[in-house]
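Take a look at the structure below.
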Amino acid sequence: MCEAPAGLAGQLEEGGHVLFQRVYFEDTDFSGLVYHARYLHFLERGRSDYLRLLGVHHRELAKDGLAFAVRRMTIEFERPARIDDIVAVKTRPRKVGGARIVLHQELLRDGERLVEASVEAALIGPGGRAQRLPEAVRKAFD
C-alpha cells in the first residue's frame with residue numbers, strides 16, 4: 001500500500017479534525033454551484049479521514065467483518081459552494097456510545113459556514129447487526 005503524503009488526510013485539531021478540499025467541476029450542477037448530494041461526499045471524506053488519523057482504519061475493521069454505517073443524518077444547507085472554492089470540512093465527536101458515534105460536521109469557506117450536519121453512525125457486524133465499539137475505537141475518541 002502506498003503511503004499518503006503528509007496532510008492528505010487533513011489534520012487533527014483540538015476537539016476534532018479538519019480536511020481541506022477543492023470544489024471541482026464534477027461537484028457542480030449546470031449553474032456552477034455544488035449539487036446538493038455532492039456535499040455528502042465532502043462530509044464522508046471528512047469522517048473517513050478523521051477516523052484514519054485517529055488510527056481507526058476501515059480495512060482493519062473489515063477484516064473482522066465490521067463496518068460503520070450511517071444510521072441517521074440531518075443536514076442544513078445554508079449557503080452554496082462554487083466551482084474552485086476551497087472548503088474546510090470540520091468534524092467533531094458529540095457522543096460515543098455502545099455501538100454508535102454521533103459526529104457534528106461543518107463545511108466552511110473562508111470561515112463562513114455553508115453546510116452543517118449531524119451524523120449518527122453505527123458499527124455493524126456480520127448480518128448487519130449493531131456491534132459494540134471495540135475498546136480501541138472508543139479510546140481513540142478520548
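Each chain in the C-alpha cells gets a letter, A, B and so on, in the order shown; residues start at 1 in every chain, and ligands are counted from 1 in the order they appear.
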Shell of 8 Å around region 81-93 of chain A, only C-alpha atoms, local chain residues under 5 positions omitted, as a ChimeraX atom specification: /A:15-25,27-28,32-34,42-43,46-47,50,101-110,114,141
Give me every helix (DSSP H, G or I) residue in region 3-134 of chain A, going by DSSP on the backbone, as a tab-separated table (two decimals) with N, CA and C atoms, in the first residue's frame.
```
chain	number	residue	atom	x	y	z
A	25	PHE	N	-15.29	20.78	-11.06
A	25	PHE	CA	-16.41	20.82	-12.00
A	25	PHE	C	-17.38	19.67	-11.75
A	26	GLU	N	-16.84	18.47	-11.49
A	26	GLU	CA	-17.68	17.28	-11.29
A	26	GLU	C	-18.60	17.39	-10.08
A	27	ASP	N	-18.28	18.32	-9.16
A	27	ASP	CA	-19.10	18.50	-7.96
A	27	ASP	C	-20.28	19.43	-8.18
A	38	ARG	N	-23.61	16.13	-3.57
A	38	ARG	CA	-22.15	16.09	-3.51
A	38	ARG	C	-21.62	16.52	-2.15
A	39	TYR	N	-22.39	17.29	-1.40
A	39	TYR	CA	-21.94	17.67	-0.05
A	39	TYR	C	-21.74	16.42	0.80
A	40	LEU	N	-22.53	15.39	0.55
A	40	LEU	CA	-22.38	14.15	1.30
A	40	LEU	C	-21.00	13.53	1.07
A	41	HIS	N	-20.47	13.69	-0.13
A	41	HIS	CA	-19.13	13.19	-0.44
A	41	HIS	C	-18.07	13.92	0.38
A	42	PHE	N	-18.18	15.24	0.44
A	42	PHE	CA	-17.22	16.01	1.22
A	42	PHE	C	-17.28	15.61	2.69
A	43	LEU	N	-18.50	15.47	3.21
A	43	LEU	CA	-18.67	15.09	4.62
A	43	LEU	C	-18.13	13.70	4.89
A	44	GLU	N	-18.36	12.77	3.97
A	44	GLU	CA	-17.86	11.40	4.13
A	44	GLU	C	-16.33	11.38	4.17
A	45	ARG	N	-15.71	12.15	3.30
A	45	ARG	CA	-14.24	12.22	3.30
A	45	ARG	C	-13.73	12.76	4.63
A	46	GLY	N	-14.41	13.76	5.15
A	46	GLY	CA	-14.02	14.32	6.45
A	46	GLY	C	-14.11	13.27	7.55
A	47	ARG	N	-15.22	12.52	7.58
A	47	ARG	CA	-15.39	11.48	8.61
A	47	ARG	C	-14.35	10.37	8.45
A	48	SER	N	-14.15	9.92	7.22
A	48	SER	CA	-13.21	8.82	6.98
A	48	SER	C	-11.78	9.21	7.35
A	49	ASP	N	-11.37	10.42	6.96
A	49	ASP	CA	-10.01	10.83	7.27
A	49	ASP	C	-9.83	11.13	8.75
A	50	TYR	N	-10.87	11.59	9.42
A	50	TYR	CA	-10.81	11.78	10.87
A	50	TYR	C	-10.55	10.44	11.54
A	51	LEU	N	-11.33	9.43	11.18
A	51	LEU	CA	-11.12	8.11	11.75
A	51	LEU	C	-9.73	7.58	11.44
A	52	ARG	N	-9.29	7.78	10.20
A	52	ARG	CA	-7.96	7.31	9.78
A	52	ARG	C	-6.87	7.91	10.67
A	53	LEU	N	-6.94	9.22	10.92
A	53	LEU	CA	-5.92	9.86	11.73
A	53	LEU	C	-6.02	9.48	13.20
A	54	LEU	N	-7.19	9.02	13.62
A	54	LEU	CA	-7.34	8.51	14.99
A	54	LEU	C	-6.82	7.08	15.11
A	58	HIS	N	-10.78	1.52	8.14
A	58	HIS	CA	-11.88	0.73	7.60
A	58	HIS	C	-11.43	-0.66	7.16
A	59	ARG	N	-10.24	-0.77	6.57
A	59	ARG	CA	-9.75	-2.08	6.13
A	59	ARG	C	-9.55	-3.03	7.30
A	60	GLU	N	-9.03	-2.49	8.40
A	60	GLU	CA	-8.81	-3.32	9.58
A	60	GLU	C	-10.14	-3.78	10.18
A	61	LEU	N	-11.11	-2.88	10.24
A	61	LEU	CA	-12.44	-3.26	10.74
A	61	LEU	C	-13.04	-4.35	9.85
A	62	ALA	N	-12.87	-4.18	8.53
A	62	ALA	CA	-13.46	-5.14	7.58
A	62	ALA	C	-12.88	-6.54	7.75
A	63	LYS	N	-11.64	-6.64	8.17
A	63	LYS	CA	-11.04	-7.96	8.41
A	63	LYS	C	-11.81	-8.74	9.47
A	126	PRO	N	-21.26	-8.85	10.96
A	126	PRO	CA	-21.85	-9.79	10.02
A	126	PRO	C	-23.36	-9.87	10.23
A	127	GLY	N	-24.10	-9.90	9.15
A	127	GLY	CA	-25.55	-9.95	9.24
A	127	GLY	C	-26.19	-8.59	9.42
A	128	GLY	N	-25.38	-7.52	9.48
A	128	GLY	CA	-25.92	-6.17	9.58
A	128	GLY	C	-26.41	-5.78	10.96
```
Distance query region 64-74 of chain A at most 6 Å, only C-alpha atoms, self and fewer than 2 positions along chain excluded, as an MDAnalysis selection string: chainID A and resid 61:62 117:126
Please produce a file of those selected residues containing N, CA and C atoms, as a PDB file, in the first residue's frame.
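Written output follows (out.pdb):
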```
ATOM      1  N   LEU A  61     -11.111  -2.883  10.243  1.00  0.00           N
ATOM      2  CA  LEU A  61     -12.437  -3.263  10.738  1.00  0.00           C
ATOM      3  C   LEU A  61     -13.037  -4.350   9.847  1.00  0.00           C
ATOM      4  N   ALA A  62     -12.870  -4.180   8.535  1.00  0.00           N
ATOM      5  CA  ALA A  62     -13.461  -5.136   7.580  1.00  0.00           C
ATOM      6  C   ALA A  62     -12.884  -6.541   7.750  1.00  0.00           C
ATOM      7  N   ALA A 117     -24.070  19.558   9.580  1.00  0.00           N
ATOM      8  CA  ALA A 117     -24.681  18.228   9.606  1.00  0.00           C
ATOM      9  C   ALA A 117     -24.421  17.543  10.942  1.00  0.00           C
ATOM     10  N   SER A 118     -25.362  16.708  11.317  1.00  0.00           N
ATOM     11  CA  SER A 118     -25.189  15.801  12.444  1.00  0.00           C
ATOM     12  C   SER A 118     -25.316  14.396  11.864  1.00  0.00           C
ATOM     13  N   VAL A 119     -24.332  13.546  12.172  1.00  0.00           N
ATOM     14  CA  VAL A 119     -24.284  12.213  11.587  1.00  0.00           C
ATOM     15  C   VAL A 119     -24.166  11.184  12.699  1.00  0.00           C
ATOM     16  N   GLU A 120     -25.084  10.233  12.696  1.00  0.00           N
ATOM     17  CA  GLU A 120     -25.018   9.106  13.624  1.00  0.00           C
ATOM     18  C   GLU A 120     -24.614   7.883  12.822  1.00  0.00           C
ATOM     19  N   ALA A 121     -23.494   7.281  13.213  1.00  0.00           N
ATOM     20  CA  ALA A 121     -23.006   6.082  12.533  1.00  0.00           C
ATOM     21  C   ALA A 121     -22.968   4.939  13.538  1.00  0.00           C
ATOM     22  N   ALA A 122     -23.428   3.778  13.095  1.00  0.00           N
ATOM     23  CA  ALA A 122     -23.421   2.579  13.933  1.00  0.00           C
ATOM     24  C   ALA A 122     -22.377   1.614  13.396  1.00  0.00           C
ATOM     25  N   LEU A 123     -21.729   0.919  14.308  1.00  0.00           N
ATOM     26  CA  LEU A 123     -20.806  -0.132  13.908  1.00  0.00           C
ATOM     27  C   LEU A 123     -21.628  -1.404  13.729  1.00  0.00           C
ATOM     28  N   ILE A 124     -21.546  -1.973  12.528  1.00  0.00           N
ATOM     29  CA  ILE A 124     -22.315  -3.186  12.250  1.00  0.00           C
ATOM     30  C   ILE A 124     -21.363  -4.345  11.972  1.00  0.00           C
ATOM     31  N   GLY A 125     -21.844  -5.526  12.297  1.00  0.00           N
ATOM     32  CA  GLY A 125     -21.056  -6.731  12.081  1.00  0.00           C
ATOM     33  C   GLY A 125     -21.711  -7.613  11.050  1.00  0.00           C
ATOM     34  N   PRO A 126     -21.255  -8.846  10.963  1.00  0.00           N
ATOM     35  CA  PRO A 126     -21.848  -9.792  10.021  1.00  0.00           C
ATOM     36  C   PRO A 126     -23.365  -9.869  10.232  1.00  0.00           C
TER      37      PRO A 126
END
```
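Shortest atom-to-atom contact with Gly55 (chain A) among A:Arg129, A:Arg100, A:Gly111, A:Leu12: A:Leu12, counting only C-alpha atoms.
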CA of Val137 (chain A) to CA of Ala37 (chain A), distance in Å rounded to a single decimal: 28.8 Å
